[in-house]
Amino acid sequence: EAGVAQSPRYKIIEKRQSVAFWCNPISGHATLYWYQQILGQGPKLLIQFQNNGVVDDSQLPKDRFSAERLKGVDSTLKIQPAKLEDSAVYLCASSLDRELRSYEQYFGPGTRLTVT
Amino acid sequence: SQQGEEDPQALSIQEGENATMNCSYKTSINNLQWYRQNSGRGLVHLILIRSNEREKHSGRLRVTLDTSKKSSSLLITASRAADTASYFCASSGGSNYKLTFGKGTLLTVNP
């Protein structure tokens, strides 16, 4: 079974620039998550999609971050403009999670973002 | 904000020894999950224990849950060098079963 795919794996940008990350979840998984993991900390949920609808985006800095999941499959996360404190690993995860019952989450390899 | 807190922050043991990590959380949960993260395989789900369960086993892993104390522990028996990783507990709560991760325990198993 193919895992969660993410690209790019690494990205270096200057502050105030924009960046986009892409995620392809495991086939058939209804729920998709984006997390931000700062060095030395656990992942923090940014946004949760159920199919192509947003379930939770309470911790997404909406003035600069946006995310979409078209057709309930792939998803993109965008940061515009980036700040130094956005330097982190951005993880995408998916779960079977039909009817919002909690299942284990499968994580992609992440995108390491460095903002200079 | 992160809800869970793991203890200890770092643990170093010899191969063959047991490793115990503890986790505390703040609010009521639907379930609690443990994940492992290393540079080779990323973040991987290990085990899930539901709020009405007290203990669960999976291979060399044993997880306990005490909802009255809002705490959980993960025991890894007969540790191997390949168990070297960061271990995170994640509490699942609320109507959308949102996962909230702790800061993790860095386990080093010396050969």
# chains A, B, ... in the order shown; residues from 1 in each chain; ligands from 1
>>> interface_residues(of="chain B", to="chain A", cutoff="8 Å", atoms="only C-alpha atoms", output="list in words")
Gln2, Gln33, Arg41, Gly42, Leu43, Val44, His45, Leu48, Phe88, Ser92, Asn96, Tyr97, Leu99, Thr100, Phe101, Gly102, Lys103 and Gly104 of chain B
>>> write_last_selection(atoms="C-alpha atoms", output="short mmCIF file (atom, residue, chain, number, x, y, z; two decimals), in the first residue's frame")
data_model
loop_
_atom_site.label_atom_id
_atom_site.label_comp_id
_atom_site.auth_asym_id
_atom_site.auth_seq_id
_atom_site.Cartn_x
_atom_site.Cartn_y
_atom_site.Cartn_z
CA GLN B 2 -0.09 21.20 23.50
CA GLN B 33 -2.38 7.08 20.96
CA ARG B 41 10.68 6.28 9.00
CA GLY B 42 9.06 9.54 10.05
CA LEU B 43 6.10 9.52 12.45
CA VAL B 44 4.54 6.10 12.87
CA HIS B 45 1.49 5.01 14.85
CA LEU B 48 -4.23 3.16 20.43
CA PHE B 88 4.91 10.97 21.49
CA SER B 92 -7.86 12.33 20.98
CA ASN B 96 -13.88 15.79 15.84
CA TYR B 97 -11.48 13.46 17.70
CA LEU B 99 -5.22 14.70 18.16
CA THR B 100 -3.12 16.80 20.53
CA PHE B 101 0.52 15.74 20.82
CA GLY B 102 2.90 16.13 23.71
CA LYS B 103 6.52 17.25 23.38
CA GLY B 104 7.84 13.70 23.29
#
>>> residues_around(residues="A:Asp63", least_positions_apart="3", cutoff="9 Å", atoms="only C-alpha atoms", output="list in words")
Leu60, Ser66 and Gln80 of chain A
>>> atom_distance(atom1="atom CA of B:Tyr87", atom2="atom CA of B:Glu53")
20.8 Å
>>> select_by_dssp(residues="stretch 1-112 of chain A", states="strand (DSSP E)", output="PyMOL selection string")
chain A and resi 5-7+10-13+19-24+31-37+44-50+53-56+65-68+75-79+88-95+106-107+111-112
>>> closest_residue(among="B:Leu11, B:Ala19, B:Val109, B:Leu32", to="B:Thr64", atoms="only C-alpha atoms")
B:Leu32
>>> closest_residue(among="A:Leu84, A:Cys92, A:Ile38, A:Leu70", to="A:Ala5", atoms="only C-alpha atoms")
A:Cys92
>>> closest_residue(among="A:Thr76, A:Phe49, A:Val4, A:Asp86", to="A:Pro61", atoms="only C-alpha atoms")
A:Asp86
>>> closest_residue(among="A:Ser58, A:Thr111, A:Ser95, A:Asn52", to="A:Ile26", atoms="only C-alpha atoms")
A:Ser95
>>> residues_around(residues="A:Asp74", least_positions_apart="3", cutoff="7 Å", atoms="only C-alpha atoms", output="JSON, numbers by chain")
{"A": [23, 24, 25, 69, 70]}
>>> residues_around(residues="B:Arg60", least_positions_apart="4", cutoff="9 Å", atoms="only C-alpha atoms", output="PyMOL selection string")
chain B and resi 75-79
>>> write_last_selection(atoms="N, CA and C atoms", output="short mmCIF file (atom, residue, chain, number, x, y, z; two decimals), in the first residue's frame")
data_model
loop_
_atom_site.label_atom_id
_atom_site.label_comp_id
_atom_site.auth_asym_id
_atom_site.auth_seq_id
_atom_site.Cartn_x
_atom_site.Cartn_y
_atom_site.Cartn_z
N LEU B 75 5.37 1.11 27.93
CA LEU B 75 6.49 0.26 28.30
C LEU B 75 6.97 -0.48 27.06
N ILE B 76 8.25 -0.37 26.80
CA ILE B 76 8.88 -1.15 25.72
C ILE B 76 9.79 -2.17 26.40
N THR B 77 9.52 -3.44 26.20
CA THR B 77 10.32 -4.47 26.84
C THR B 77 11.44 -4.94 25.92
N ALA B 78 12.51 -5.41 26.51
CA ALA B 78 13.65 -5.97 25.77
C ALA B 78 14.05 -5.05 24.63
N SER B 79 14.41 -3.84 24.97
CA SER B 79 14.67 -2.81 23.96
C SER B 79 15.81 -3.19 23.02
#
>>> atom_distance(atom1="atom CA of B:Ser72", atom2="atom CA of A:Tyr90")
26.9 Å
>>> residues_around(residues="A:Leu77", least_positions_apart="3", cutoff="8 Å", atoms="only C-alpha atoms", output="PyMOL selection string")
chain A and resi 20-22+34+65-68
>>> residues_around(residues="A:Gln17", least_positions_apart="2", cutoff="9 Å", atoms="only C-alpha atoms", output="MDAnalysis selection string")
chainID A and resid 13:15 19 79:83 115
>>> write_last_selection(atoms="all heavy atoms", output="PDB file, in the first residue's frame")
ATOM      1  N   ILE A  13      13.275  29.517   1.838  1.00  0.00           N
ATOM      2  CA  ILE A  13      12.771  30.768   1.263  1.00  0.00           C
ATOM      3  C   ILE A  13      13.164  31.926   2.172  1.00  0.00           C
ATOM      4  O   ILE A  13      13.551  31.725   3.322  1.00  0.00           O
ATOM      5  CB  ILE A  13      11.228  30.749   1.086  1.00  0.00           C
ATOM      6  CG1 ILE A  13      10.528  30.587   2.438  1.00  0.00           C
ATOM      7  CG2 ILE A  13      10.807  29.677   0.106  1.00  0.00           C
ATOM      8  CD1 ILE A  13       9.020  30.746   2.358  1.00  0.00           C
ATOM      9  N   GLU A  14      13.047  33.127   1.637  1.00  0.00           N
ATOM     10  CA  GLU A  14      13.288  34.325   2.450  1.00  0.00           C
ATOM     11  C   GLU A  14      11.957  34.777   3.052  1.00  0.00           C
ATOM     12  O   GLU A  14      10.883  34.504   2.501  1.00  0.00           O
ATOM     13  CB  GLU A  14      13.904  35.425   1.595  1.00  0.00           C
ATOM     14  CG  GLU A  14      15.283  35.062   1.062  1.00  0.00           C
ATOM     15  CD  GLU A  14      15.913  36.180   0.252  1.00  0.00           C
ATOM     16  OE1 GLU A  14      15.209  37.162  -0.047  1.00  0.00           O
ATOM     17  OE2 GLU A  14      17.106  36.058  -0.088  1.00  0.00           O
ATOM     18  N   LYS A  15      12.070  35.466   4.166  1.00  0.00           N
ATOM     19  CA  LYS A  15      10.844  35.963   4.798  1.00  0.00           C
ATOM     20  C   LYS A  15      10.105  36.879   3.828  1.00  0.00           C
ATOM     21  O   LYS A  15      10.699  37.544   2.985  1.00  0.00           O
ATOM     22  CB  LYS A  15      11.161  36.687   6.099  1.00  0.00           C
ATOM     23  CG  LYS A  15      12.054  37.872   5.976  1.00  0.00           C
ATOM     24  CD  LYS A  15      12.365  38.450   7.367  1.00  0.00           C
ATOM     25  CE  LYS A  15      13.307  39.639   7.240  1.00  0.00           C
ATOM     26  NZ  LYS A  15      13.695  40.170   8.576  1.00  0.00           N
ATOM     27  N   VAL A  19       5.077  30.190  -0.193  1.00  0.00           N
ATOM     28  CA  VAL A  19       5.485  28.798  -0.422  1.00  0.00           C
ATOM     29  C   VAL A  19       4.229  27.928  -0.382  1.00  0.00           C
ATOM     30  O   VAL A  19       3.236  28.276   0.279  1.00  0.00           O
ATOM     31  CB  VAL A  19       6.505  28.350   0.644  1.00  0.00           C
ATOM     32  CG1 VAL A  19       5.894  28.357   2.044  1.00  0.00           C
ATOM     33  CG2 VAL A  19       7.099  26.990   0.308  1.00  0.00           C
ATOM     34  N   ILE A  79       1.605  29.279   2.491  1.00  0.00           N
ATOM     35  CA  ILE A  79       1.980  30.316   3.447  1.00  0.00           C
ATOM     36  C   ILE A  79       2.346  31.552   2.636  1.00  0.00           C
ATOM     37  O   ILE A  79       3.179  31.506   1.734  1.00  0.00           O
ATOM     38  CB  ILE A  79       3.185  29.910   4.315  1.00  0.00           C
ATOM     39  CG1 ILE A  79       2.955  28.545   4.971  1.00  0.00           C
ATOM     40  CG2 ILE A  79       3.441  30.975   5.386  1.00  0.00           C
ATOM     41  CD1 ILE A  79       4.168  28.029   5.748  1.00  0.00           C
ATOM     42  N   GLN A  80       1.671  32.658   2.939  1.00  0.00           N
ATOM     43  CA  GLN A  80       1.937  33.895   2.218  1.00  0.00           C
ATOM     44  C   GLN A  80       1.524  35.088   3.061  1.00  0.00           C
ATOM     45  O   GLN A  80       0.320  35.244   3.356  1.00  0.00           O
ATOM     46  CB  GLN A  80       1.161  33.904   0.889  1.00  0.00           C
ATOM     47  CG  GLN A  80       1.374  35.126   0.039  1.00  0.00           C
ATOM     48  CD  GLN A  80       0.622  35.069  -1.272  1.00  0.00           C
ATOM     49  OE1 GLN A  80      -0.222  34.203  -1.495  1.00  0.00           O
ATOM     50  NE2 GLN A  80       0.903  36.012  -2.150  1.00  0.00           N
ATOM     51  N   PRO A  81       2.444  35.939   3.508  1.00  0.00           N
ATOM     52  CA  PRO A  81       3.895  35.832   3.383  1.00  0.00           C
ATOM     53  C   PRO A  81       4.492  35.047   4.552  1.00  0.00           C
ATOM     54  O   PRO A  81       3.926  35.018   5.643  1.00  0.00           O
ATOM     55  CB  PRO A  81       4.330  37.298   3.462  1.00  0.00           C
ATOM     56  CG  PRO A  81       3.331  37.905   4.404  1.00  0.00           C
ATOM     57  CD  PRO A  81       2.030  37.185   4.153  1.00  0.00           C
ATOM     58  N   ALA A  82       5.626  34.428   4.317  1.00  0.00           N
ATOM     59  CA  ALA A  82       6.262  33.626   5.357  1.00  0.00           C
ATOM     60  C   ALA A  82       7.005  34.511   6.364  1.00  0.00           C
ATOM     61  O   ALA A  82       7.510  35.581   6.025  1.00  0.00           O
ATOM     62  CB  ALA A  82       7.241  32.627   4.738  1.00  0.00           C
ATOM     63  N   LYS A  83       7.032  34.042   7.611  1.00  0.00           N
ATOM     64  CA  LYS A  83       7.777  34.693   8.671  1.00  0.00           C
ATOM     65  C   LYS A  83       8.867  33.733   9.165  1.00  0.00           C
ATOM     66  O   LYS A  83       8.776  32.517   8.946  1.00  0.00           O
ATOM     67  CB  LYS A  83       6.865  35.069   9.836  1.00  0.00           C
ATOM     68  CG  LYS A  83       5.844  36.151   9.525  1.00  0.00           C
ATOM     69  CD  LYS A  83       5.077  36.511  10.785  1.00  0.00           C
ATOM     70  CE  LYS A  83       4.112  37.666  10.524  1.00  0.00           C
ATOM     71  NZ  LYS A  83       3.367  38.050  11.757  1.00  0.00           N
ATOM     72  N   VAL A 115      12.925  29.400   6.766  1.00  0.00           N
ATOM     73  CA  VAL A 115      12.678  30.776   6.358  1.00  0.00           C
ATOM     74  C   VAL A 115      13.848  31.623   6.849  1.00  0.00           C
ATOM     75  O   VAL A 115      14.156  31.636   8.052  1.00  0.00           O
ATOM     76  CB  VAL A 115      11.359  31.311   6.936  1.00  0.00           C
ATOM     77  CG1 VAL A 115      11.113  32.738   6.454  1.00  0.00           C
ATOM     78  CG2 VAL A 115      10.198  30.407   6.547  1.00  0.00           C
TER      79      VAL A 115
END
>>> residues_around(residues="A:Asn51", least_positions_apart="3", cutoff="8 Å", atoms="only C-alpha atoms", output="ChimeraX atom specification")
/A:30-32,69,71-73
>>> write_last_selection(atoms="C-alpha atoms", output="PDB file, in the first residue's frame")
ATOM      1  CA  ALA A  30     -11.498  10.342   4.006  1.00  0.00           C
ATOM      2  CA  THR A  31      -9.696  12.518   6.527  1.00  0.00           C
ATOM      3  CA  LEU A  32      -6.602  14.592   5.855  1.00  0.00           C
ATOM      4  CA  ARG A  69      -8.504  19.902  -0.559  1.00  0.00           C
ATOM      5  CA  LYS A  71     -12.223  16.723  -4.889  1.00  0.00           C
ATOM      6  CA  GLY A  72     -11.566  15.236  -1.461  1.00  0.00           C
ATOM      7  CA  VAL A  73      -8.168  13.814  -2.413  1.00  0.00           C
TER       8      VAL A  73
END
